[in-house]
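Colleague: Got a structure for you, structure_24.cif, holding mmCIF, C-alpha atoms.
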data_structure
#
loop_
_atom_site.group_PDB
_atom_site.id
_atom_site.type_symbol
_atom_site.label_atom_id
_atom_site.label_comp_id
_atom_site.auth_asym_id
_atom_site.auth_seq_id
_atom_site.Cartn_x
_atom_site.Cartn_y
_atom_site.Cartn_z
ATOM 1 C CA MET A 1 94.407 20.352 26.069
ATOM 2 C CA LYS A 2 93.063 22.557 28.825
ATOM 3 C CA PRO A 3 89.746 24.162 27.900
ATOM 4 C CA SER A 4 88.283 27.293 29.438
ATOM 5 C CA PHE A 5 85.531 27.154 32.024
ATOM 6 C CA GLN A 6 82.299 28.684 30.762
ATOM 7 C CA HIS A 7 80.030 30.201 33.373
ATOM 8 C CA LEU A 8 76.517 30.057 31.955
ATOM 9 C CA GLY A 9 75.136 32.252 34.690
ATOM 10 C CA PHE A 10 71.420 31.743 34.247
ATOM 11 C CA ASN A 11 69.120 32.745 37.097
ATOM 12 C CA VAL A 12 67.853 29.507 38.659
ATOM 13 C CA VAL A 13 65.135 31.484 40.422
ATOM 14 C CA GLN A 14 63.626 32.506 37.087
ATOM 15 C CA GLU A 15 64.562 29.475 34.968
ATOM 16 C CA SER A 16 65.817 26.021 35.887
ATOM 17 C CA PHE A 17 67.458 25.392 32.507
ATOM 18 C CA LEU A 18 68.346 27.204 29.273
ATOM 19 C CA CYS A 19 67.085 26.660 25.736
ATOM 20 C CA PHE A 20 68.174 29.058 23.004
ATOM 21 C CA GLN A 21 69.231 29.337 19.376
ATOM 22 C CA VAL A 22 72.721 30.479 18.370
ATOM 23 C CA SER A 23 73.095 32.170 14.978
ATOM 24 C CA SER A 24 76.487 33.342 13.715
ATOM 25 C CA PRO A 25 78.301 33.784 10.384
ATOM 26 C CA LYS A 26 81.014 31.406 11.639
ATOM 27 C CA PHE A 27 82.053 29.326 14.647
ATOM 28 C CA GLY A 28 85.716 29.647 15.625
ATOM 29 C CA PHE A 29 87.774 27.405 17.893
ATOM 30 C CA HIS A 30 86.302 27.806 21.384
ATOM 31 C CA TRP A 31 87.429 24.854 23.514
ATOM 32 C CA HIS A 32 85.326 25.053 26.690
ATOM 33 C CA TYR A 33 83.405 23.119 29.318
ATOM 34 C CA HIS A 34 80.717 23.778 31.930
ATOM 35 C CA PRO A 35 79.099 21.789 34.760
ATOM 36 C CA GLU A 36 75.722 21.825 33.005
ATOM 37 C CA CYS A 37 74.732 19.020 30.619
ATOM 38 C CA GLU A 38 74.151 20.147 27.040
ATOM 39 C CA ILE A 39 71.981 18.970 24.159
ATOM 40 C CA SER A 40 72.693 20.578 20.773
ATOM 41 C CA TYR A 41 71.018 20.293 17.377
ATOM 42 C CA VAL A 42 72.485 21.817 14.210
ATOM 43 C CA LEU A 43 69.830 23.558 12.125
ATOM 44 C CA ASN A 44 72.295 24.811 9.521
ATOM 45 C CA GLY A 45 76.011 24.637 8.849
ATOM 46 C CA TYR A 46 78.849 22.158 8.703
ATOM 47 C CA GLY A 47 82.417 21.819 9.900
ATOM 48 C CA THR A 48 84.472 19.961 12.493
ATOM 49 C CA ARG A 49 83.476 19.136 16.056
ATOM 50 C CA LEU A 50 85.715 18.130 18.940
ATOM 51 C CA VAL A 51 84.307 16.347 21.971
ATOM 52 C CA GLY A 52 86.957 15.244 24.429
ATOM 53 C CA ASP A 53 89.533 13.397 22.288
ATOM 54 C CA ASN A 54 87.044 12.753 19.461
ATOM 55 C CA VAL A 55 87.365 14.645 16.159
ATOM 56 C CA GLN A 56 84.579 14.305 13.570
ATOM 57 C CA ASN A 57 82.665 16.262 10.953
ATOM 58 C CA PHE A 58 79.290 17.752 11.754
ATOM 59 C CA GLU A 59 76.519 18.957 9.455
ATOM 60 C CA LYS A 60 72.853 19.933 9.472
ATOM 61 C CA GLY A 61 70.926 17.508 11.699
ATOM 62 C CA ASP A 62 73.843 16.764 14.039
ATOM 63 C CA LEU A 63 72.386 15.910 17.473
ATOM 64 C CA LEU A 64 74.593 15.606 20.571
ATOM 65 C CA PHE A 65 74.184 15.117 24.309
ATOM 66 C CA LEU A 66 77.261 16.210 26.271
ATOM 67 C CA GLY A 67 77.704 15.422 29.944
ATOM 68 C CA SER A 68 78.889 17.675 32.732
ATOM 69 C CA ASP A 69 82.413 19.183 32.389
ATOM 70 C CA LEU A 70 83.075 17.528 29.011
ATOM 71 C CA PRO A 71 85.251 19.849 26.845
ATOM 72 C CA HIS A 72 83.896 20.534 23.364
ATOM 73 C CA THR A 73 83.785 22.951 20.454
ATOM 74 C CA LEU A 74 82.285 23.316 16.970
ATOM 75 C CA ILE A 75 84.357 24.929 14.194
ATOM 76 C CA SER A 76 82.537 25.890 11.014
ATOM 77 C CA ASP A 77 84.220 24.968 7.741
ATOM 78 C CA GLU A 78 85.914 27.690 5.694
ATOM 79 C CA LEU A 79 83.751 26.877 2.670
ATOM 80 C CA PHE A 80 80.661 27.458 4.802
ATOM 81 C CA ASN A 81 82.113 30.672 6.236
ATOM 82 C CA GLN A 82 82.335 32.034 2.701
ATOM 83 C CA SER A 83 78.749 31.049 1.790
ATOM 84 C CA ASN A 84 76.987 34.069 3.378
ATOM 85 C CA GLN A 85 74.845 31.678 5.418
ATOM 86 C CA LEU A 86 74.486 31.565 9.187
ATOM 87 C CA MET A 87 75.556 28.769 11.484
ATOM 88 C CA GLU A 88 72.389 27.932 13.433
ATOM 89 C CA VAL A 89 72.361 25.650 16.460
ATOM 90 C CA ILE A 90 69.704 25.040 19.118
ATOM 91 C CA VAL A 91 71.151 24.433 22.579
ATOM 92 C CA ILE A 92 69.631 23.107 25.815
ATOM 93 C CA GLN A 93 71.737 23.407 28.977
ATOM 94 C CA PHE A 94 70.617 22.109 32.358
ATOM 95 C CA PRO A 95 72.313 21.409 35.715
ATOM 96 C CA LEU A 96 72.448 17.824 36.928
ATOM 97 C CA GLU A 97 70.577 18.928 40.056
ATOM 98 C CA LEU A 98 67.504 19.568 37.916
ATOM 99 C CA LEU A 99 66.941 15.836 37.428
ATOM 100 C CA LYS A 100 69.069 14.069 40.021
ATOM 101 C CA PRO A 101 68.267 12.329 42.286
ATOM 102 C CA ARG A 102 64.764 12.071 40.770
ATOM 103 C CA VAL A 103 65.837 9.966 37.812
ATOM 104 C CA GLU A 104 67.600 7.569 40.179
ATOM 105 C CA GLU A 105 64.684 7.267 42.588
ATOM 106 C CA ILE A 106 61.715 7.104 40.201
ATOM 107 C CA HIS A 107 61.582 3.855 38.266
ATOM 108 C CA GLU A 108 59.750 5.386 35.323
ATOM 109 C CA LEU A 109 62.650 7.824 34.802
ATOM 110 C CA SER A 110 65.431 5.239 35.073
ATOM 111 C CA ASN A 111 66.052 5.296 31.316
ATOM 112 C CA ILE A 112 66.783 9.028 31.513
ATOM 113 C CA GLY A 113 69.155 8.371 34.417
ATOM 114 C CA LEU A 114 71.036 5.850 32.285
ATOM 115 C CA LEU A 115 71.186 8.360 29.434
ATOM 116 C CA ILE A 116 72.738 10.997 31.707
ATOM 117 C CA ASN A 117 75.284 8.508 33.045
ATOM 118 C CA ASN A 118 76.277 7.579 29.478
ATOM 119 C CA SER A 119 76.672 11.230 28.512
ATOM 120 C CA ASN A 120 79.970 11.688 30.377
ATOM 121 C CA ARG A 121 81.766 10.660 27.148
ATOM 122 C CA GLY A 122 79.381 12.545 24.870
ATOM 123 C CA LEU A 123 76.678 10.945 22.722
ATOM 124 C CA SER A 124 75.883 11.386 19.030
ATOM 125 C CA PHE A 125 72.451 10.253 17.836
ATOM 126 C CA ALA A 126 71.278 8.777 14.558
ATOM 127 C CA GLY A 127 68.034 7.473 13.088
ATOM 128 C CA GLU A 128 64.608 8.640 12.042
ATOM 129 C CA GLU A 129 63.816 10.331 15.354
ATOM 130 C CA VAL A 130 66.643 12.890 15.184
ATOM 131 C CA GLU A 131 64.639 15.430 13.185
ATOM 132 C CA LYS A 132 61.611 14.989 15.479
ATOM 133 C CA VAL A 133 63.771 15.759 18.503
ATOM 134 C CA GLY A 134 65.123 18.813 16.691
ATOM 135 C CA LEU A 135 61.574 20.080 16.127
ATOM 136 C CA LYS A 136 60.757 19.596 19.824
ATOM 137 C CA MET A 137 63.897 21.559 20.750
ATOM 138 C CA GLN A 138 62.718 24.416 18.531
ATOM 139 C CA GLU A 139 59.346 24.309 20.273
ATOM 140 C CA LEU A 140 61.020 24.322 23.686
ATOM 141 C CA ILE A 141 62.625 27.742 23.049
ATOM 142 C CA ASP A 142 59.263 29.521 23.467
ATOM 143 C CA CYS A 143 57.664 27.062 25.888
ATOM 144 C CA LYS A 144 56.652 28.302 29.348
ATOM 145 C CA GLY A 145 55.728 26.947 32.774
ATOM 146 C CA PHE A 146 54.926 23.292 33.383
ATOM 147 C CA ASN A 147 54.873 22.541 29.656
ATOM 148 C CA ARG A 148 58.515 23.643 29.427
ATOM 149 C CA TYR A 149 59.711 21.137 32.026
ATOM 150 C CA HIS A 150 57.456 18.423 30.625
ATOM 151 C CA LEU A 151 58.822 18.917 27.093
ATOM 152 C CA LEU A 152 62.407 18.690 28.372
ATOM 153 C CA LEU A 153 61.589 15.328 29.960
ATOM 154 C CA GLU A 154 59.954 14.236 26.712
ATOM 155 C CA ILE A 155 63.085 15.138 24.749
ATOM 156 C CA LEU A 156 65.313 13.277 27.205
ATOM 157 C CA ASN A 157 63.016 10.262 27.067
ATOM 158 C CA ASP A 158 63.175 10.298 23.260
ATOM 159 C CA LEU A 159 66.979 10.400 23.387
ATOM 160 C CA SER A 160 67.094 7.509 25.846
ATOM 161 C CA ASN A 161 65.312 5.311 23.286
ATOM 162 C CA MET A 162 67.436 6.261 20.276
ATOM 163 C CA PRO A 163 70.605 4.596 18.943
ATOM 164 C CA PHE A 164 73.754 6.509 19.843
ATOM 165 C CA GLU A 165 77.509 6.517 19.470
ATOM 166 C CA HIS A 166 79.909 7.356 22.291
ATOM 167 C CA LEU A 167 82.287 10.138 21.284
ATOM 168 C CA ALA A 168 85.220 10.529 23.700
ATOM 169 C CA SER A 169 87.233 7.371 24.298
ATOM 170 C CA LYS A 170 86.867 5.314 27.484
ATOM 171 C CA LEU A 171 90.297 6.400 28.710
ATOM 172 C CA TYR A 172 89.762 10.100 28.043
ATOM 173 C CA SER A 173 90.221 12.216 31.138
ATOM 174 C CA PRO A 174 89.629 15.950 30.632
ATOM 175 C CA ARG A 175 92.363 18.262 31.870
ATOM 176 C CA ILE A 176 90.312 21.245 32.967
ATOM 177 C CA GLY A 177 91.629 24.416 34.486
ATOM 178 C CA ASN A 178 93.055 27.819 33.553
ATOM 179 C CA ASN A 179 96.764 27.001 33.363
ATOM 180 C CA SER A 180 98.145 27.013 29.792
ATOM 181 C CA GLU A 181 94.724 28.028 28.438
ATOM 182 C CA GLU A 182 96.008 30.845 26.215
ATOM 183 C CA ARG A 183 98.942 28.752 25.042
ATOM 184 C CA ILE A 184 96.833 25.813 23.864
ATOM 185 C CA ARG A 185 94.237 28.172 22.381
ATOM 186 C CA ARG A 186 96.884 29.795 20.171
ATOM 187 C CA VAL A 187 98.233 26.447 19.006
ATOM 188 C CA CYS A 188 94.847 24.866 18.260
ATOM 189 C CA THR A 189 93.500 27.970 16.549
ATOM 190 C CA TYR A 190 96.538 27.931 14.266
ATOM 191 C CA ILE A 191 96.104 24.201 13.545
ATOM 192 C CA HIS A 192 92.430 24.566 12.693
ATOM 193 C CA GLU A 193 93.091 27.498 10.396
ATOM 194 C CA ASN A 194 96.030 25.832 8.607
ATOM 195 C CA PHE A 195 95.712 22.024 8.795
ATOM 196 C CA SER A 196 95.073 21.721 5.037
ATOM 197 C CA SER A 197 98.522 23.249 4.438
ATOM 198 C CA HIS A 198 101.953 22.148 5.612
ATOM 199 C CA ILE A 199 102.415 22.634 9.361
ATOM 200 C CA ASP A 200 105.838 22.649 11.002
ATOM 201 C CA ILE A 201 106.135 21.394 14.561
ATOM 202 C CA SER A 202 108.671 24.186 15.047
ATOM 203 C CA LYS A 203 105.945 26.743 14.294
ATOM 204 C CA LEU A 204 103.576 25.161 16.845
ATOM 205 C CA ALA A 205 106.375 25.078 19.398
ATOM 206 C CA SER A 206 107.092 28.782 18.856
ATOM 207 C CA LEU A 207 103.404 29.610 19.372
ATOM 208 C CA SER A 208 103.556 27.846 22.735
ATOM 209 C CA PHE A 209 106.906 29.472 23.649
ATOM 210 C CA MET A 210 108.561 26.048 24.043
ATOM 211 C CA ASN A 211 111.275 24.113 22.316
ATOM 212 C CA GLU A 212 110.058 21.282 20.075
ATOM 213 C CA ALA A 213 110.676 18.453 22.540
ATOM 214 C CA ALA A 214 108.893 20.246 25.386
ATOM 215 C CA PHE A 215 105.992 21.180 23.094
ATOM 216 C CA CYS A 216 105.514 17.589 21.917
ATOM 217 C CA ARG A 217 105.341 16.369 25.523
ATOM 218 C CA PHE A 218 102.979 19.221 26.438
ATOM 219 C CA PHE A 219 100.598 18.585 23.522
ATOM 220 C CA LYS A 220 100.502 14.813 24.112
ATOM 221 C CA ARG A 221 99.848 15.329 27.820
ATOM 222 C CA MET A 222 96.991 17.757 27.147
ATOM 223 C CA THR A 223 95.239 15.967 24.289
ATOM 224 C CA GLY A 224 96.239 12.320 24.626
ATOM 225 C CA LYS A 225 97.548 12.538 21.030
ATOM 226 C CA THR A 226 100.683 13.693 19.282
ATOM 227 C CA ALA A 227 100.361 16.940 17.337
ATOM 228 C CA MET A 228 100.663 15.114 13.993
ATOM 229 C CA THR A 229 98.001 12.565 14.960
ATOM 230 C CA TYR A 230 95.707 15.435 15.924
ATOM 231 C CA ILE A 231 96.382 17.198 12.607
ATOM 232 C CA ASN A 232 95.884 14.006 10.580
ATOM 233 C CA ASP A 233 92.565 13.361 12.358
ATOM 234 C CA LEU A 234 91.387 16.781 11.175
ATOM 235 C CA ARG A 235 92.648 16.095 7.659
ATOM 236 C CA ILE A 236 90.881 12.722 7.471
ATOM 237 C CA SER A 237 87.624 14.282 8.699
ATOM 238 C CA LYS A 238 88.005 17.003 6.060
ATOM 239 C CA SER A 239 88.684 14.470 3.310
ATOM 240 C CA CYS A 240 85.508 12.565 4.194
ATOM 241 C CA GLN A 241 83.499 15.766 3.928
ATOM 242 C CA LEU A 242 85.086 16.640 0.574
ATOM 243 C CA MET A 243 84.363 13.187 -0.858
ATOM 244 C CA LEU A 244 80.791 12.938 0.376
ATOM 245 C CA SER A 245 79.505 16.523 0.382
ATOM 246 C CA GLU A 246 81.587 18.094 -2.391
ATOM 247 C CA GLY A 247 81.848 15.021 -4.640
ATOM 248 C CA LEU A 248 85.637 15.259 -4.975
ATOM 249 C CA SER A 249 87.696 12.300 -6.124
ATOM 250 C CA ILE A 250 89.823 10.474 -3.577
ATOM 251 C CA SER A 251 93.038 12.092 -4.771
ATOM 252 C CA GLU A 252 91.478 15.578 -4.879
ATOM 253 C CA ALA A 253 90.092 15.132 -1.352
ATOM 254 C CA ALA A 254 93.466 13.908 -0.099
ATOM 255 C CA TYR A 255 95.442 16.860 -1.470
ATOM 256 C CA GLN A 256 92.865 19.518 -0.546
ATOM 257 C CA SER A 257 92.687 18.242 3.037
ATOM 258 C CA GLY A 258 96.453 18.578 3.481
ATOM 259 C CA PHE A 259 98.048 15.264 2.457
ATOM 260 C CA ASN A 260 100.919 15.503 -0.037
ATOM 261 C CA SER A 261 101.096 11.743 -0.625
ATOM 262 C CA ILE A 262 98.275 9.385 -1.667
ATOM 263 C CA THR A 263 100.132 6.500 -0.029
ATOM 264 C CA HIS A 264 100.296 8.384 3.278
ATOM 265 C CA PHE A 265 96.639 9.374 2.916
ATOM 266 C CA ASN A 266 95.494 5.790 2.295
ATOM 267 C CA ARG A 267 97.538 4.481 5.215
ATOM 268 C CA SER A 268 96.232 7.193 7.571
ATOM 269 C CA PHE A 269 92.652 6.713 6.386
ATOM 270 C CA ILE A 270 92.693 2.953 6.991
ATOM 271 C CA LYS A 271 94.238 3.470 10.440
ATOM 272 C CA ARG A 272 91.500 5.899 11.520
ATOM 273 C CA LYS A 273 88.465 4.576 9.647
ATOM 274 C CA GLY A 274 89.237 0.865 9.454
ATOM 275 C CA GLU A 275 88.662 0.782 5.682
ATOM 276 C CA THR A 276 90.069 2.214 2.477
ATOM 277 C CA PRO A 277 88.876 5.593 1.138
ATOM 278 C CA SER A 278 87.269 3.853 -1.843
ATOM 279 C CA SER A 279 85.280 1.418 0.309
ATOM 280 C CA PHE A 280 84.246 4.263 2.624
ATOM 281 C CA ARG A 281 83.033 6.323 -0.319
ATOM 282 C CA LYS A 282 81.230 3.360 -1.900
ATOM 283 C CA HIS A 283 79.495 2.492 1.372
ATOM 284 C CA PHE A 284 78.177 6.001 2.009
ATOM 285 C CA SER A 285 77.218 6.520 -1.623
ATOM 286 C CA SER A 286 75.095 3.361 -1.516
ATOM 287 C CA VAL A 287 73.496 4.486 1.789
ATOM 288 C CA GLY A 288 72.649 7.846 0.274
#
For this file, write the structure as structure tokens.
Modeller:
Amino acid sequence: MKPSFQHLGFNVVQESFLCFQVSSPKFGFHWHYHPECEISYVLNGYGTRLVGDNVQNFEKGDLLFLGSDLPHTLISDELFNQSNQLMEVIVIQFPLELLKPRVEEIHELSNIGLLINNSNRGLSFAGEEVEKVGLKMQELIDCKGFNRYHLLLEILNDLSNMPFEHLASKLYSPRIGNNSEERIRRVCTYIHENFSSHIDISKLASLSFMNEAAFCRFFKRMTGKTAMTYINDLRISKSCQLMLSEGLSISEAAYQSGFNSITHFNRSFIKRKGETPSSFRKHFSSVG
């Protein structure tokens, strides 16, 4: 999938990095990348996030660190879009030049350097410190002068000492550029708006102005996945959300997320999650 380049365009004479809050009734599919590193914290909302070839749910408290030129997007869930609430996300964006080569030359900053190097696949954070980092990011929005730069370093230092999960796979290699951008945007927008219903490959092929065989090769080349694997990943993520957040039964979650067979759902779930839906639900219910 070829994402669009996003030019952030901030004035480096007036500010060396950005920190702002995004508020919107909904987040649509906006597959993009930029040379700046990005830290994001979800204050409100839930849905599906894509980072490289990783597809997962996100919700309030989701904290990510995305490296330079790593394609990503957040898509708010339709149930949330109908709730009359706002999606609210705090975002920090900074160029690598802001910290490199300092973090490589100063021993006391080496942990931040390692964090930045790890971020090329995207990092998701967990643990008690996530909310504290979120509060510091809120504070950073209105911070000025030396304190602003100091607080950014403090946030990065906190992240470097927190447990994390890599998002994109080791073999993921982003295909960035403008060619086929509109074509893949149309296809993925349609998938994200309709994955809980039946989707014909012929329909996706027509949206890309290709025959089915050419489309399948195109989609696999761009995403590293077949179209049906991509769709099933979205459906499994949706089913997890329905079971955990909405309290639906396994069969209800399966059908509402787009599966028309419990056997197919169970097989797909085990393949992607490494456990059965019932054990997944039991595990997270006991954690909660």
Colleague: Could you tell me which residues the PyMOL selection byres ((chain A and resi 88) around 6) returns for this structure, as an NGL selection string?
Modeller: :A and (22-23 or 43-44 or 86-87 or 89)
Colleague: Please enumerate the residues selected by the PyMOL selection byres ((chain A and resi 157) around 10) when evaluated against the supplied file, formatted as a list in words.
Modeller: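 Taken on the displayed file, the PyMOL selection byres ((chain A and resi 157) around 10) yields the residues Leu109, Ser110, Asn111, Ile112, Gly113, Leu115, Leu151, Leu152, Leu153, Glu154, Ile155, Leu156, Asp158, Leu159, Ser160, Asn161 and Met162 of chain A.
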Colleague: Would you mind telling me which residue in A:Glu275, A:Glu15, A:Glu38, A:Asp69 lies nearest to Ser173 in chain A when using all atoms listed in the file?
Modeller: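 With all atoms listed in the file as the atom set, the closest residue is A:Asp69.
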Colleague: Which value, in Å to one decimal, gives the distance between CA of Met222 in chain A and CA of Ser169 in chain A?
Modeller: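 Those two atoms sit 14.5 Å apart.
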Colleague: Within 9 Å of Gln56 in chain A, counting all atoms listed in the file, which residues show up once you throw out same-chain ones fewer than 6 positions away? Write them as a list in words, please.
Modeller: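 So, after excluding close chain neighbours, the residues are Gly47, Thr48, Arg49, Leu50, Asp233, Leu234, Ile236, Ser237 and Lys238 of chain A.
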Colleague: For Ile141 in chain A, list every protein, DNA or RNA residue within 10 Å, evaluated using all atoms listed in the file, and leave out those in the same chain fewer than 2 positions away; present the list as a PyMOL selection string.
Modeller: chain A and resi 18-21+90-92+136-139+143-144+148
Colleague: On this file, the PyMOL selection byres ((chain A and resi 197) around 10) gives some set of residues; write that set as a tab-separated table (two decimals) with C-alpha atoms, in the coordinates of the input.
Modeller:
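See out.tsv below for the written result:
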chain	number	residue	atom	x	y	z
A	191	ILE	CA	96.10	24.20	13.54
A	193	GLU	CA	93.09	27.50	10.40
A	194	ASN	CA	96.03	25.83	8.61
A	195	PHE	CA	95.71	22.02	8.80
A	196	SER	CA	95.07	21.72	5.04
A	198	HIS	CA	101.95	22.15	5.61
A	199	ILE	CA	102.42	22.63	9.36
A	200	ASP	CA	105.84	22.65	11.00
A	235	ARG	CA	92.65	16.10	7.66
A	255	TYR	CA	95.44	16.86	-1.47
A	256	GLN	CA	92.86	19.52	-0.55
A	257	SER	CA	92.69	18.24	3.04
A	258	GLY	CA	96.45	18.58	3.48
A	259	PHE	CA	98.05	15.26	2.46
A	260	ASN	CA	100.92	15.50	-0.04
Colleague: Figure out the distance between CA of Val187 in chain A and CA of His166 in chain A, please, to one decimal in Å.
Modeller: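 We find that CA of His166 in chain A and CA of Val187 in chain A lie 26.7 Å from each other.
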Colleague: So which one's closest to Val42 in chain A, A:Ser68, A:Ser124, A:Asn117, A:Thr229? Using all atoms listed in the file, please.
Modeller: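 Result for the nearest residue to Val42 in chain A: A:Ser124.
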Colleague: A:Tyr41, A:Tyr190, A:Phe80, A:Phe164: which is nearest Ser206 in chain A, counting all atoms listed in the file?
Modeller: A:Tyr190
Colleague: Using all atoms listed in the file, find the one residue out of A:Asn232, A:Glu78, A:Val133, A:Pro25 that sits nearest to Ser40 in chain A.
Modeller: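 Using all atoms listed in the file, Ser40 in chain A sits closest to A:Val133.
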Colleague: By how many Å are CA of Phe269 in chain A and CA of Ala254 in chain A apart?
Modeller: 9.7 Å
Colleague: Restricting the calculation to only C-alpha atoms, which member of A:Tyr46, A:Tyr230, A:Phe215, A:Phe209 is positioned closest to Leu242 in chain A?
Modeller: A:Tyr46
Colleague: Give me, as a list of chain:residue names, all polymer residues having an atom no more than 12 Å from Lys273 in chain A, counting only C-alpha atoms and skipping those fewer than 3 positions away in the same chain.
Modeller: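 The residues satisfying every condition are A:Gln56, A:Asp233, A:Ile236, A:Ser237, A:Ser239, A:Cys240, A:Phe265, A:Asn266, A:Arg267, A:Ser268, A:Phe269, A:Ile270, A:Thr276, A:Pro277, A:Ser278, A:Ser279, A:Phe280, A:Arg281.
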Colleague: Might you pull out every residue within 12 Å of Ala214 in chain A, with all atoms listed in the file counted and same-chain residues fewer than 6 positions away left off, and present them as a ChimeraX atom specification?
Modeller: /A:201-202,204-206,208,220-221
Colleague: Can you spit out the residues from that selection as an mmCIF file, in the frame of the given file, using C-alpha atoms?
Modeller:
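So the final result, stored in selection.cif, reads:
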data_model
loop_
_atom_site.group_PDB
_atom_site.id
_atom_site.type_symbol
_atom_site.label_atom_id
_atom_site.label_comp_id
_atom_site.auth_asym_id
_atom_site.auth_seq_id
_atom_site.Cartn_x
_atom_site.Cartn_y
_atom_site.Cartn_z
ATOM 1 C CA ILE A 201 106.135 21.394 14.561
ATOM 2 C CA SER A 202 108.671 24.186 15.047
ATOM 3 C CA LEU A 204 103.576 25.161 16.845
ATOM 4 C CA ALA A 205 106.375 25.078 19.398
ATOM 5 C CA SER A 206 107.092 28.782 18.856
ATOM 6 C CA SER A 208 103.556 27.846 22.735
ATOM 7 C CA LYS A 220 100.502 14.813 24.112
ATOM 8 C CA ARG A 221 99.848 15.329 27.820
#
Colleague: Counting only C-alpha atoms, select every polymer residue within 12 Å of (73.3, 22.6, 30.8) as defined in the file's coordinates, and provide the selection as a ChimeraX atom specification.
Modeller: /A:6-10,12,15-20,33-40,65-70,91-99,116,152
Colleague: Counting only C-alpha atoms, what is within 9 Å of Thr189 in chain A, bar same-chain residues fewer than 3 positions away, as a VMD selection string?
Modeller: chain A and resid 28 to 30 184 to 186 192 to 194
Colleague: I need the chosen residues saved as a compact mmCIF listing (two decimals), in the coordinates of the input, with C-alpha atoms.
Modeller:
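So again_36.txt came out as:
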# COMPACT_ATOMS: atom_id res chain seq x y z
CA GLY A 28 85.72 29.65 15.62
CA PHE A 29 87.77 27.40 17.89
CA HIS A 30 86.30 27.81 21.38
CA ILE A 184 96.83 25.81 23.86
CA ARG A 185 94.24 28.17 22.38
CA ARG A 186 96.88 29.80 20.17
CA HIS A 192 92.43 24.57 12.69
CA GLU A 193 93.09 27.50 10.40
CA ASN A 194 96.03 25.83 8.61
Colleague: Determine the nearest neighbour of Gln82 in chain A from the options A:Gly45, A:Thr223, A:Gly127, A:Lys60, counting all atoms listed in the file.
Modeller: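 Residue with the minimum atom-to-atom distance to Gln82 in chain A: A:Gly45.
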